[in-house]
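Undergrad: Next up, coords-v3.tsv (TSV, C-alpha atoms).
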```tsv
chain	number	residue	atom	x	y	z
A	155	MET	CA	-32.61	5.36	-37.77
A	156	ILE	CA	-32.80	8.46	-35.58
A	157	SER	CA	-30.48	6.93	-33.00
A	158	PHE	CA	-28.12	5.83	-35.80
A	159	ILE	CA	-27.76	9.42	-37.10
A	160	CYS	CA	-27.53	11.00	-33.64
A	161	LEU	CA	-24.97	8.55	-32.29
A	162	THR	CA	-22.80	8.83	-35.39
A	163	LEU	CA	-22.81	12.62	-35.12
A	164	VAL	CA	-21.97	12.41	-31.43
A	165	LYS	CA	-19.16	9.96	-32.06
A	166	GLU	CA	-17.60	11.96	-34.87
A	167	HIS	CA	-17.88	15.49	-33.52
A	168	TYR	CA	-19.01	15.82	-29.91
A	169	PHE	CA	-16.45	13.73	-28.00
A	170	SER	CA	-13.42	14.90	-29.96
A	171	ALA	CA	-14.31	18.58	-29.36
A	172	PHE	CA	-13.82	18.43	-25.56
A	173	ASP	CA	-10.71	19.15	-23.55
A	174	THR	CA	-10.44	16.09	-21.27
A	175	SER	CA	-8.09	17.67	-18.72
A	176	SER	CA	-10.96	19.14	-16.65
A	177	LEU	CA	-12.39	16.92	-13.91
A	178	ALA	CA	-15.98	18.05	-14.57
A	179	ILE	CA	-15.62	17.31	-18.29
A	180	LYS	CA	-14.18	13.89	-17.46
A	181	GLY	CA	-17.23	13.22	-15.27
A	182	ILE	CA	-19.57	14.28	-18.08
A	183	MET	CA	-17.68	12.08	-20.55
A	184	ILE	CA	-17.92	9.02	-18.26
A	185	ALA	CA	-21.61	9.67	-17.59
A	186	SER	CA	-22.23	10.05	-21.36
A	187	GLY	CA	-20.31	6.81	-21.97
A	188	ASN	CA	-22.46	5.06	-19.35
A	189	LEU	CA	-25.60	6.47	-20.94
A	190	PHE	CA	-24.64	5.19	-24.41
A	191	ARG	CA	-23.69	1.80	-23.00
A	192	LEU	CA	-27.01	1.60	-21.15
A	193	VAL	CA	-28.96	2.42	-24.30
A	194	TYR	CA	-27.01	0.00	-26.52
A	195	ALA	CA	-27.04	-2.78	-23.99
A	196	SER	CA	-30.78	-2.34	-23.35
A	197	PHE	CA	-31.43	-2.60	-27.09
A	198	GLY	CA	-29.25	-5.70	-27.31
A	199	VAL	CA	-30.66	-7.42	-24.23
A	200	LEU	CA	-34.27	-6.79	-25.25
A	201	ALA	CA	-33.66	-7.73	-28.90
A	202	SER	CA	-32.02	-11.02	-27.84
A	203	TYR	CA	-34.71	-11.73	-25.26
A	204	LEU	CA	-37.57	-11.14	-27.70
A	205	THR	CA	-35.83	-13.22	-30.39
A	206	ILE	CA	-35.35	-16.09	-27.95
A	207	ILE	CA	-38.91	-16.06	-26.58
A	208	CYS	CA	-40.18	-15.91	-30.17
A	209	ILE	CA	-38.16	-19.07	-30.97
A	210	ILE	CA	-39.28	-20.71	-27.69
A	211	SER	CA	-42.94	-20.05	-28.48
A	212	HIS	CA	-42.52	-22.14	-31.68
A	213	ARG	CA	-40.22	-24.86	-30.37
A	214	GLY	CA	-38.77	-25.48	-26.91
A	215	ALA	CA	-35.11	-25.65	-25.99
A	216	PRO	CA	-33.43	-28.84	-27.27
A	217	SER	CA	-32.42	-31.31	-24.55
A	218	TRP	CA	-28.67	-30.94	-25.30
A	219	MET	CA	-29.00	-27.21	-24.65
A	220	VAL	CA	-30.69	-27.82	-21.30
A	221	ARG	CA	-27.84	-30.18	-20.29
A	222	PHE	CA	-25.13	-27.92	-21.67
A	223	SER	CA	-26.49	-24.82	-19.93
A	224	SER	CA	-25.62	-26.40	-16.56
A	225	LEU	CA	-21.93	-26.20	-17.58
A	226	THR	CA	-21.94	-22.47	-18.30
A	227	MET	CA	-20.82	-21.31	-14.83
A	228	GLY	CA	-17.87	-23.72	-15.03
A	229	ILE	CA	-16.98	-22.55	-18.54
A	230	TYR	CA	-17.08	-18.95	-17.30
A	231	VAL	CA	-14.70	-19.80	-14.44
A	232	PHE	CA	-12.22	-22.01	-16.32
A	233	HIS	CA	-11.97	-20.60	-19.85
A	234	GLN	CA	-9.75	-17.70	-18.78
A	235	PHE	CA	-7.31	-20.04	-17.01
A	236	VAL	CA	-6.97	-22.00	-20.25
A	237	LEU	CA	-6.64	-18.89	-22.45
A	238	VAL	CA	-4.01	-17.21	-20.25
A	239	TYR	CA	-2.05	-20.47	-20.12
A	240	LEU	CA	-2.25	-20.96	-23.90
A	241	TYR	CA	-1.41	-17.37	-24.85
A	242	TYR	CA	1.33	-16.56	-22.34
A	243	HIS	CA	2.79	-19.87	-21.12
A	244	THR	CA	2.94	-22.12	-24.20
A	245	GLY	CA	4.42	-21.96	-27.68
A	246	LEU	CA	0.96	-21.85	-29.31
A	247	PRO	CA	1.21	-18.16	-30.41
A	248	SER	CA	4.31	-18.84	-32.53
A	249	ILE	CA	2.79	-22.04	-33.99
A	250	ALA	CA	-0.66	-20.64	-34.76
A	251	GLY	CA	0.27	-17.12	-35.89
A	252	SER	CA	-1.70	-13.89	-35.57
A	253	TYR	CA	-4.78	-14.90	-37.58
A	254	LEU	CA	-5.33	-18.42	-36.24
A	255	LEU	CA	-4.35	-17.93	-32.59
A	256	PRO	CA	-7.71	-16.56	-31.32
A	257	ILE	CA	-9.60	-19.26	-33.23
A	258	TRP	CA	-7.45	-22.00	-31.68
A	259	GLY	CA	-7.76	-20.23	-28.33
A	260	PHE	CA	-11.54	-20.22	-28.61
A	261	VAL	CA	-11.82	-23.90	-29.60
A	262	ILE	CA	-9.33	-25.26	-27.06
A	263	SER	CA	-10.54	-23.11	-24.13
A	264	PHE	CA	-14.18	-23.89	-24.87
A	265	VAL	CA	-13.62	-27.65	-25.05
A	266	VAL	CA	-11.23	-27.87	-22.09
A	267	SER	CA	-13.36	-25.68	-19.82
A	268	SER	CA	-16.51	-27.65	-20.75
A	269	VAL	CA	-14.78	-30.93	-19.88
A	270	LEU	CA	-13.38	-29.53	-16.60
A	271	SER	CA	-16.78	-28.17	-15.70
A	272	TYR	CA	-18.45	-31.52	-16.45
A	273	VAL	CA	-15.88	-33.45	-14.37
A	274	ILE	CA	-16.11	-31.07	-11.39
A	275	ARG	CA	-19.91	-31.26	-11.43
A	276	LEU	CA	-19.79	-35.04	-11.03
A	277	ASN	CA	-19.59	-34.63	-7.24
A	278	LYS	CA	-21.86	-32.74	-4.84
A	279	PHE	CA	-19.27	-30.17	-3.72
A	280	GLY	CA	-18.45	-29.40	-7.35
A	281	ARG	CA	-22.14	-28.91	-8.19
A	282	GLN	CA	-22.46	-26.46	-5.27
A	283	LEU	CA	-19.38	-24.59	-6.42
A	284	ILE	CA	-20.16	-24.17	-10.13
B	37	MET	CA	-38.14	-31.12	-18.27
B	38	LYS	CA	-36.75	-29.31	-15.22
B	39	ASN	CA	-37.74	-25.64	-15.00
B	40	SER	CA	-39.78	-25.82	-18.20
B	41	GLY	CA	-41.06	-22.31	-17.42
B	42	LEU	CA	-37.57	-20.88	-18.01
B	43	GLN	CA	-36.58	-22.43	-21.33
B	44	GLU	CA	-35.42	-19.06	-22.66
B	45	VAL	CA	-32.74	-19.02	-19.95
B	46	TYR	CA	-31.09	-22.12	-21.46
B	47	TYR	CA	-30.78	-20.39	-24.85
B	48	PHE	CA	-29.49	-17.23	-23.22
B	49	ARG	CA	-26.88	-19.03	-21.12
B	50	VAL	CA	-25.45	-21.00	-24.03
B	51	LEU	CA	-25.33	-18.00	-26.38
B	52	LEU	CA	-23.79	-15.78	-23.73
B	53	VAL	CA	-21.09	-18.21	-22.71
B	54	ILE	CA	-20.10	-18.54	-26.41
B	55	SER	CA	-19.93	-14.71	-26.60
B	56	LEU	CA	-17.85	-14.61	-23.43
B	57	VAL	CA	-15.25	-17.11	-24.63
B	58	THR	CA	-15.17	-15.40	-28.06
B	59	MET	CA	-14.62	-12.01	-26.43
B	60	HIS	CA	-11.73	-13.23	-24.27
B	61	SER	CA	-10.18	-15.24	-27.12
B	62	PHE	CA	-9.97	-12.11	-29.28
B	63	ASN	CA	-9.39	-9.64	-26.41
B	64	MET	CA	-5.62	-9.38	-26.98
B	65	PHE	CA	-6.33	-7.36	-30.15
B	66	THR	CA	-8.25	-4.62	-28.30
B	67	GLY	CA	-5.16	-3.14	-26.63
B	68	SER	CA	-6.44	-4.07	-23.17
B	69	PRO	CA	-3.59	-3.85	-20.60
B	70	SER	CA	-4.70	-7.11	-18.96
B	71	TRP	CA	-4.47	-8.93	-22.32
B	72	PRO	CA	-1.21	-7.84	-24.00
B	73	LEU	CA	-0.33	-9.29	-27.40
B	74	PRO	CA	1.67	-12.52	-26.96
B	75	GLU	CA	5.21	-12.52	-28.32
B	76	GLY	CA	5.33	-12.60	-32.13
B	77	ILE	CA	1.63	-11.78	-32.61
B	78	GLN	CA	0.73	-8.83	-34.82
B	79	PRO	CA	-2.38	-6.64	-34.30
B	80	VAL	CA	-5.38	-7.64	-36.46
B	81	PRO	CA	-7.88	-4.74	-36.36
B	82	ALA	CA	-10.87	-6.82	-37.53
B	83	TYR	CA	-10.36	-9.09	-34.51
B	84	ASN	CA	-10.60	-6.03	-32.26
B	85	TRP	CA	-14.04	-5.50	-33.76
B	86	ILE	CA	-15.06	-9.14	-33.17
B	87	SER	CA	-14.12	-8.81	-29.51
B	88	LYS	CA	-16.09	-5.57	-29.15
B	89	VAL	CA	-19.19	-7.01	-30.82
B	90	ALA	CA	-19.05	-10.14	-28.64
B	91	TYR	CA	-18.68	-7.89	-25.58
B	92	SER	CA	-21.35	-5.34	-26.59
B	93	PHE	CA	-24.22	-6.43	-24.32
B	94	MET	CA	-22.99	-9.78	-23.06
B	95	LEU	CA	-22.35	-8.87	-19.40
B	96	GLU	CA	-25.60	-6.94	-19.20
B	97	SER	CA	-27.43	-10.01	-20.55
B	98	PHE	CA	-25.83	-12.26	-17.92
B	99	VAL	CA	-27.11	-9.88	-15.22
B	100	PHE	CA	-30.48	-9.67	-16.98
B	101	ILE	CA	-31.03	-13.45	-16.80
B	102	SER	CA	-29.96	-13.50	-13.14
B	103	GLY	CA	-32.68	-10.95	-12.41
B	104	TYR	CA	-35.10	-12.91	-14.58
B	105	ILE	CA	-34.52	-16.11	-12.57
B	106	PHE	CA	-34.68	-14.20	-9.27
B	107	SER	CA	-38.06	-12.80	-10.29
B	108	TYR	CA	-39.24	-16.29	-11.28
B	109	GLN	CA	-38.30	-17.60	-7.82
B	110	LEU	CA	-39.80	-14.61	-6.04
B	111	TYR	CA	-43.08	-14.19	-7.94
B	112	GLY	CA	-43.44	-17.33	-10.11
B	113	LYS	CA	-42.65	-20.03	-7.57
B	114	ARG	CA	-43.73	-17.69	-4.74
B	115	LYS	CA	-40.68	-18.83	-2.82
B	116	GLU	CA	-40.34	-17.20	0.57
B	117	ILE	CA	-36.93	-15.54	0.39
B	118	HIS	CA	-35.44	-14.17	3.63
B	119	LEU	CA	-32.44	-11.90	3.80
B	120	LYS	CA	-30.40	-14.36	5.90
B	121	GLY	CA	-31.09	-17.25	3.52
B	122	LEU	CA	-30.35	-15.11	0.47
B	123	VAL	CA	-27.02	-13.88	1.87
B	124	LYS	CA	-26.03	-17.42	2.90
B	125	GLY	CA	-27.00	-18.88	-0.48
B	126	LYS	CA	-25.24	-16.20	-2.51
B	127	LEU	CA	-22.11	-16.34	-0.33
B	128	GLN	CA	-21.99	-20.05	-1.12
B	129	ARG	CA	-22.82	-19.76	-4.85
B	130	LEU	CA	-20.96	-16.53	-5.72
B	131	ILE	CA	-18.41	-15.43	-3.12
B	132	MET	CA	-16.99	-18.87	-2.27
B	133	PRO	CA	-16.19	-19.72	-5.95
B	134	CYS	CA	-14.85	-16.19	-6.37
B	135	ILE	CA	-12.33	-16.66	-3.53
B	136	LEU	CA	-11.46	-20.31	-4.26
B	137	PHE	CA	-10.87	-19.86	-7.99
B	138	GLY	CA	-9.23	-16.49	-7.32
B	139	VAL	CA	-6.63	-18.21	-5.10
B	140	LEU	CA	-6.16	-20.86	-7.80
B	141	TYR	CA	-5.73	-18.17	-10.48
B	142	LEU	CA	-3.08	-16.35	-8.41
B	143	LEU	CA	-1.27	-19.63	-7.66
B	144	CYS	CA	-1.19	-20.43	-11.39
B	145	PHE	CA	-0.30	-17.03	-12.84
B	146	ASP	CA	0.70	-14.48	-10.19
B	147	ARG	CA	2.35	-16.07	-7.14
B	148	GLU	CA	4.14	-12.81	-6.24
B	149	ALA	CA	0.72	-11.41	-5.25
B	150	PHE	CA	0.93	-13.41	-1.99
B	151	ASP	CA	3.91	-11.27	-0.92
B	152	HIS	CA	1.41	-8.44	-0.31
B	153	LEU	CA	-1.14	-10.42	1.66
B	154	PRO	CA	-3.58	-7.70	2.91
B	155	GLN	CA	-3.94	-6.25	-0.61
B	156	THR	CA	-4.30	-9.74	-2.11
B	157	LEU	CA	-7.02	-10.66	0.39
B	158	TYR	CA	-8.91	-7.52	-0.58
B	159	ASP	CA	-8.38	-8.29	-4.29
B	160	LEU	CA	-9.73	-11.81	-3.75
B	161	LEU	CA	-12.90	-10.38	-2.23
B	162	CYS	CA	-13.26	-8.00	-5.18
B	163	GLY	CA	-12.69	-10.88	-7.61
B	164	VAL	CA	-9.37	-11.60	-9.31
B	165	ALA	CA	-9.29	-11.21	-13.14
B	166	HIS	CA	-12.63	-12.23	-14.70
B	167	LEU	CA	-14.05	-13.26	-11.30
B	168	TRP	CA	-14.95	-9.60	-10.49
B	169	PHE	CA	-18.38	-10.41	-11.94
B	170	LEU	CA	-19.32	-12.68	-9.00
B	171	PRO	CA	-19.15	-10.14	-6.11
B	172	MET	CA	-20.82	-7.61	-8.41
B	173	LEU	CA	-23.70	-10.05	-8.90
B	174	PHE	CA	-23.83	-10.72	-5.14
B	175	TRP	CA	-24.58	-7.02	-4.48
B	176	CYS	CA	-27.15	-6.98	-7.29
B	177	PHE	CA	-29.07	-9.82	-5.60
B	178	LEU	CA	-28.94	-8.04	-2.25
B	179	MET	CA	-30.05	-4.68	-3.60
B	180	ALA	CA	-32.78	-6.29	-5.73
B	181	PHE	CA	-34.07	-8.07	-2.61
B	182	PHE	CA	-34.59	-4.72	-0.87
B	183	ILE	CA	-36.04	-3.13	-4.01
B	184	SER	CA	-38.55	-5.99	-4.33
B	185	LYS	CA	-39.97	-4.92	-0.93
B	186	TRP	CA	-40.56	-1.42	-2.26
B	187	LYS	CA	-44.11	-0.80	-3.41
B	188	GLU	CA	-43.26	1.72	-6.17
B	189	PRO	CA	-44.46	0.87	-9.72
B	190	CYS	CA	-41.83	-1.15	-11.63
B	191	LEU	CA	-41.36	1.46	-14.35
B	192	SER	CA	-40.59	4.19	-11.79
B	193	ILE	CA	-37.99	1.93	-10.18
B	194	LEU	CA	-36.49	1.17	-13.60
B	195	ALA	CA	-36.24	4.90	-14.33
B	196	ILE	CA	-34.50	5.54	-10.99
B	197	LEU	CA	-32.06	2.67	-11.57
B	198	PHE	CA	-31.35	3.94	-15.10
B	199	PHE	CA	-30.42	7.31	-13.61
B	200	ILE	CA	-28.24	5.67	-10.93
B	201	SER	CA	-26.46	3.61	-13.62
B	202	ILE	CA	-25.45	6.75	-15.51
B	203	PHE	CA	-23.73	8.14	-12.41
B	204	SER	CA	-22.29	4.86	-11.16
B	205	PHE	CA	-18.66	5.92	-11.68
B	206	LEU	CA	-18.14	6.93	-8.04
B	207	PRO	CA	-15.31	4.78	-6.60
B	208	LEU	CA	-16.95	2.36	-4.16
B	209	PRO	CA	-15.24	-0.76	-2.72
B	210	LEU	CA	-15.91	-4.46	-3.40
B	211	GLN	CA	-17.45	-4.00	-6.87
B	212	LEU	CA	-20.29	-1.86	-5.50
B	213	SER	CA	-19.78	0.74	-8.26
B	214	ASN	CA	-20.14	-1.92	-10.93
B	215	SER	CA	-23.21	-3.36	-9.25
B	216	LEU	CA	-24.84	0.10	-9.26
B	217	PHE	CA	-24.34	0.16	-13.03
B	218	PHE	CA	-25.61	-3.38	-13.60
B	219	LEU	CA	-28.53	-3.20	-11.15
B	220	PHE	CA	-30.66	-1.61	-13.89
B	221	PHE	CA	-30.26	-4.74	-16.04
B	222	PHE	CA	-30.93	-7.02	-13.07
B	223	TYR	CA	-34.18	-5.22	-12.42
B	224	LEU	CA	-34.97	-5.15	-16.16
B	225	GLY	CA	-34.75	-8.97	-16.03
B	226	MET	CA	-37.12	-9.03	-13.07
B	227	TYR	CA	-39.50	-6.70	-14.90
B	228	CYS	CA	-39.41	-8.78	-18.12
B	229	TRP	CA	-40.31	-11.94	-16.23
B	230	LYS	CA	-43.36	-10.17	-14.75
B	231	LYS	CA	-44.39	-8.92	-18.22
B	232	LYS	CA	-43.49	-12.14	-20.05
B	233	ASP	CA	-46.93	-12.72	-21.59
B	234	ALA	CA	-47.11	-9.21	-23.03
B	235	LEU	CA	-43.54	-9.52	-24.32
B	236	ILE	CA	-44.30	-12.85	-26.05
B	237	GLU	CA	-47.04	-11.06	-27.99
B	238	LEU	CA	-44.67	-8.21	-28.77
B	239	SER	CA	-42.04	-10.66	-30.01
B	240	HIS	CA	-44.31	-11.60	-32.96
B	241	LYS	CA	-44.27	-8.04	-34.33
B	242	PRO	CA	-41.53	-7.59	-36.97
B	243	VAL	CA	-41.36	-3.82	-36.48
B	244	VAL	CA	-40.20	-4.30	-32.86
B	245	PHE	CA	-37.43	-6.62	-34.03
B	246	LEU	CA	-36.31	-4.14	-36.67
B	247	ALA	CA	-36.20	-1.28	-34.17
B	248	LEU	CA	-34.26	-3.24	-31.54
B	249	TRP	CA	-31.78	-4.95	-33.85
B	250	GLY	CA	-31.38	-1.56	-35.55
B	251	GLY	CA	-30.13	-0.26	-32.22
B	252	VAL	CA	-27.68	-3.15	-32.01
B	253	PHE	CA	-26.53	-2.37	-35.58
B	254	ASP	CA	-25.80	1.18	-34.38
B	255	PHE	CA	-23.39	-0.25	-31.85
B	256	VAL	CA	-21.64	-2.36	-34.47
B	257	HIS	CA	-21.29	0.70	-36.68
B	258	MET	CA	-19.91	2.77	-33.80
B	259	SER	CA	-17.47	0.14	-32.59
B	260	TYR	CA	-15.65	-0.88	-35.76
B	261	PRO	CA	-12.10	0.45	-35.94
B	262	SER	CA	-12.33	2.18	-39.34
B	263	LYS	CA	-13.44	1.33	-42.89
B	264	ARG	CA	-9.87	0.74	-43.97
B	265	THR	CA	-8.92	-1.56	-41.10
B	266	LEU	CA	-12.15	-3.53	-41.28
B	267	PHE	CA	-12.16	-4.25	-44.99
B	268	PHE	CA	-8.50	-4.26	-45.89
B	269	CYS	CA	-6.89	-5.86	-42.88
B	270	PHE	CA	-6.55	-9.19	-44.68
```
Now that the file is in, can you turn its structure into structure tokens?

TA:
Amino acid sequence: MISFICLTLVKEHYFSAFDTSSLAIKGIMIASGNLFRLVYASFGVLASYLTIICIISHRGAPSWMVRFSSLTMGIYVFHQFVLVYLYYHTGLPSIAGSYLLPIWGFVISFVVSSVLSYVIRLNKFGRQLI
Amino acid sequence: MKNSGLQEVYYFRVLLVISLVTMHSFNMFTGSPSWPLPEGIQPVPAYNWISKVAYSFMLESFVFISGYIFSYQLYGKRKEIHLKGLVKGKLQRLIMPCILFGVLYLLCFDREAFDHLPQTLYDLLCGVAHLWFLPMLFWCFLMAFFISKWKEPCLSILAILFFISIFSFLPLPLQLSNSLFFLFFFYLGMYCWKKKDALIELSHKPVVFLALWGGVFDFVHMSYPSKRTLFFCF
């Protein structure tokens, strides 16, 4: 609650009050941004971690999740290839429209990158790579 | 089950990769120069918010679990890790995919980049597009290896790394600046693995959950575009 009030006040009043043309002020702004990101991200990481170990202590990870987690590096590598291709090199944006495009993008890139990752991991070199 | 001592990592990986794909799918609405709006697509402010929420602590969590696994190998399995072996292994697992898929990315989407070969070679080492994360993680492993030899108490090291992260905006080559920011989360992962038993006990206290997720709620509150755009964009 304290952080909620402080951060809202900072967001609304503190940052907008500074002249950003000075190099020193820019440095302070970036350092403050880093500090906020560190605090938020630490909260998020620890909250997620504690939630997950709480779930794990009651029931283990399902077997599909164990298998699927081996594809995550491949999904990380390939999903952006698929998204860039879909968004900027196909007619999908005009077919899907503004509201549905990211949803289609998510579904197609997730499925295609999972399949690519699975196929590449079928051989030893692929498993070493991703 | 393989690695049954690290079941939480499976949950983390799956959740984080869903966040990552969500973030990139909606990224065109954030005004990012690397993700311009495709032709005919109108801005949807609520989607900007979805992208920001998915991004909020996703990268930090990826680094956190890398540190967590590194700590498990170092202290849990008591694996003897030497600098030479670590560098060789991480070059193979992080830098080689970074270069190979970077070349593939440029061949697919930016062939003109090969006209400026020295700059492109440097860019490939830094990681093209989303692949910047891999060299950053490479440096995190290396720095964490040296830190693990240091006999300072973990909390003191965490405090030092927190301070370094705040001032990590100095322009250093090959993703070193980014790794100085993320090193705190890498070491936090290492620390959490060491304190896992205490943290499991802590995870059963509702007040801790409320405090931590309250902090996350703060972020959501700070990141949304405005009341009007969030609730009336449809």

Undergrad: Distance cut-off 8 Å, counting all atoms listed in the file - which residues of chain A neighbour chain B? Return them as an MDAnalysis selection string.

TA: chainID A and resid 155 157:158 161:162 165 184:186 188:189 192 194:201 203:208 210:211 214:215 219:220 222:223 226 229:231 233:235 237 241:242 247:248 251:253 256:257 259:260 263:264 282:284

Undergrad: Restricted to C-alpha atoms, what would the selected residues look like written as a compact mmCIF listing (two decimals), in the coordinates of the input?

TA:
```txt
# COMPACT_ATOMS: atom_id res chain seq x y z
CA MET A 155 -32.61 5.36 -37.77
CA SER A 157 -30.48 6.93 -33.00
CA PHE A 158 -28.12 5.83 -35.80
CA LEU A 161 -24.97 8.55 -32.29
CA THR A 162 -22.80 8.83 -35.39
CA LYS A 165 -19.16 9.96 -32.06
CA ILE A 184 -17.92 9.02 -18.26
CA ALA A 185 -21.61 9.67 -17.59
CA SER A 186 -22.23 10.05 -21.36
CA ASN A 188 -22.46 5.06 -19.35
CA LEU A 189 -25.60 6.47 -20.94
CA LEU A 192 -27.01 1.60 -21.15
CA TYR A 194 -27.01 0.00 -26.52
CA ALA A 195 -27.04 -2.78 -23.99
CA SER A 196 -30.78 -2.34 -23.35
CA PHE A 197 -31.43 -2.60 -27.09
CA GLY A 198 -29.25 -5.70 -27.31
CA VAL A 199 -30.66 -7.42 -24.23
CA LEU A 200 -34.27 -6.79 -25.25
CA ALA A 201 -33.66 -7.73 -28.90
CA TYR A 203 -34.71 -11.73 -25.26
CA LEU A 204 -37.57 -11.14 -27.70
CA THR A 205 -35.83 -13.22 -30.39
CA ILE A 206 -35.35 -16.09 -27.95
CA ILE A 207 -38.91 -16.06 -26.58
CA CYS A 208 -40.18 -15.91 -30.17
CA ILE A 210 -39.28 -20.71 -27.69
CA SER A 211 -42.94 -20.05 -28.48
CA GLY A 214 -38.77 -25.48 -26.91
CA ALA A 215 -35.11 -25.65 -25.99
CA MET A 219 -29.00 -27.21 -24.65
CA VAL A 220 -30.69 -27.82 -21.30
CA PHE A 222 -25.13 -27.92 -21.67
CA SER A 223 -26.49 -24.82 -19.93
CA THR A 226 -21.94 -22.47 -18.30
CA ILE A 229 -16.98 -22.55 -18.54
CA TYR A 230 -17.08 -18.95 -17.30
CA VAL A 231 -14.70 -19.80 -14.44
CA HIS A 233 -11.97 -20.60 -19.85
CA GLN A 234 -9.75 -17.70 -18.78
CA PHE A 235 -7.31 -20.04 -17.01
CA LEU A 237 -6.64 -18.89 -22.45
CA TYR A 241 -1.41 -17.37 -24.85
CA TYR A 242 1.33 -16.56 -22.34
CA PRO A 247 1.21 -18.16 -30.41
CA SER A 248 4.31 -18.84 -32.53
CA GLY A 251 0.27 -17.12 -35.89
CA SER A 252 -1.70 -13.89 -35.57
CA TYR A 253 -4.78 -14.90 -37.58
CA PRO A 256 -7.71 -16.56 -31.32
CA ILE A 257 -9.60 -19.26 -33.23
CA GLY A 259 -7.76 -20.23 -28.33
CA PHE A 260 -11.54 -20.22 -28.61
CA SER A 263 -10.54 -23.11 -24.13
CA PHE A 264 -14.18 -23.89 -24.87
CA GLN A 282 -22.46 -26.46 -5.27
CA LEU A 283 -19.38 -24.59 -6.42
CA ILE A 284 -20.16 -24.17 -10.13
```

Undergrad: Contacts of B:Ala149 at 12 Å or less, counting only C-alpha atoms, minus same-chain residues fewer than 6 places along, as a list in words?

TA: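 Within the cut-off, the hits are Gly138, Val139, Leu140, Tyr141, Leu142, Leu143, Gln155, Thr156, Leu157, Tyr158, Asp159, Leu160 and Val164 of chain B.
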
Undergrad: Given all atoms listed in the file as the basis, pick out the residue of B:Leu122, B:Ile196, B:Met172, B:Ala234 nearest to B:Ser215.

TA: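 Among the listed residues, the smallest separation from B:Ser215 belongs to B:Met172.
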
Undergrad: Atom CA of B:Leu173 and atom CA of A:Met183, how far apart in Å?

TA: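 Between atom CA of A:Met183 and atom CA of B:Leu173 the gap works out to 25.7 Å.
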
Undergrad: Quick one: 3 Å padding each side, axis-aligned, all listed atoms of stretch 185-202 of chain B - centre and edge lengths in Å to one decimal, as AutoDock Vina command-line options?

TA:
```
--center_x -35.0 --center_y 1.2 --center_z -8.2 --size_x 25.0 --size_y 18.2 --size_z 20.6
```

Undergrad: Measure the distance from atom CA of A:Ile274 to atom CA of B:Lys124 in Å and round it to one decimal.

TA: 22.1 Å

Undergrad: Quote the spacing between atom CA of B:Gly163 and atom CA of A:Arg221 in Å to one decimal place.

TA: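 So the two atoms, atom CA of B:Gly163 and atom CA of A:Arg221, lie 27.6 Å apart.
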
Undergrad: Could you write stretch 116-124 of chain B of the block just shown to a file containing N, CA, C and O atoms, as a PDB file, in the first residue's frame?

TA:
```
ATOM      1  N   GLU B 116      31.504 -30.054 -10.355  1.00  0.00           N
ATOM      2  CA  GLU B 116      32.749 -29.280 -10.437  1.00  0.00           C
ATOM      3  C   GLU B 116      32.713 -28.459 -11.729  1.00  0.00           C
ATOM      4  O   GLU B 116      32.772 -29.019 -12.827  1.00  0.00           O
ATOM      5  N   ILE B 117      32.558 -27.167 -11.613  1.00  0.00           N
ATOM      6  CA  ILE B 117      32.484 -26.323 -12.806  1.00  0.00           C
ATOM      7  C   ILE B 117      33.781 -25.530 -12.927  1.00  0.00           C
ATOM      8  O   ILE B 117      34.148 -24.785 -12.023  1.00  0.00           O
ATOM      9  N   HIS B 118      34.470 -25.718 -14.079  1.00  0.00           N
ATOM     10  CA  HIS B 118      35.704 -24.963 -14.339  1.00  0.00           C
ATOM     11  C   HIS B 118      35.407 -23.881 -15.359  1.00  0.00           C
ATOM     12  O   HIS B 118      34.505 -24.028 -16.192  1.00  0.00           O
ATOM     13  N   LEU B 119      36.208 -22.835 -15.294  1.00  0.00           N
ATOM     14  CA  LEU B 119      35.970 -21.687 -16.182  1.00  0.00           C
ATOM     15  C   LEU B 119      35.988 -22.110 -17.654  1.00  0.00           C
ATOM     16  O   LEU B 119      35.103 -21.738 -18.420  1.00  0.00           O
ATOM     17  N   LYS B 120      36.987 -22.930 -18.020  1.00  0.00           N
ATOM     18  CA  LYS B 120      37.130 -23.337 -19.420  1.00  0.00           C
ATOM     19  C   LYS B 120      35.885 -24.108 -19.894  1.00  0.00           C
ATOM     20  O   LYS B 120      35.341 -23.843 -20.970  1.00  0.00           O
ATOM     21  N   GLY B 121      35.440 -25.043 -19.049  1.00  0.00           N
ATOM     22  CA  GLY B 121      34.268 -25.849 -19.394  1.00  0.00           C
ATOM     23  C   GLY B 121      33.009 -24.997 -19.475  1.00  0.00           C
ATOM     24  O   GLY B 121      32.172 -25.198 -20.355  1.00  0.00           O
ATOM     25  N   LEU B 122      32.896 -24.044 -18.551  1.00  0.00           N
ATOM     26  CA  LEU B 122      31.723 -23.162 -18.538  1.00  0.00           C
ATOM     27  C   LEU B 122      31.687 -22.315 -19.808  1.00  0.00           C
ATOM     28  O   LEU B 122      30.641 -22.229 -20.475  1.00  0.00           O
ATOM     29  N   VAL B 123      32.828 -21.716 -20.152  1.00  0.00           N
ATOM     30  CA  VAL B 123      32.885 -20.859 -21.350  1.00  0.00           C
ATOM     31  C   VAL B 123      32.560 -21.700 -22.593  1.00  0.00           C
ATOM     32  O   VAL B 123      31.737 -21.287 -23.427  1.00  0.00           O
ATOM     33  N   LYS B 124      33.147 -22.895 -22.679  1.00  0.00           N
ATOM     34  CA  LYS B 124      32.914 -23.755 -23.843  1.00  0.00           C
ATOM     35  C   LYS B 124      31.428 -24.136 -23.946  1.00  0.00           C
ATOM     36  O   LYS B 124      30.808 -24.047 -25.006  1.00  0.00           O
TER      37      LYS B 124
END
```
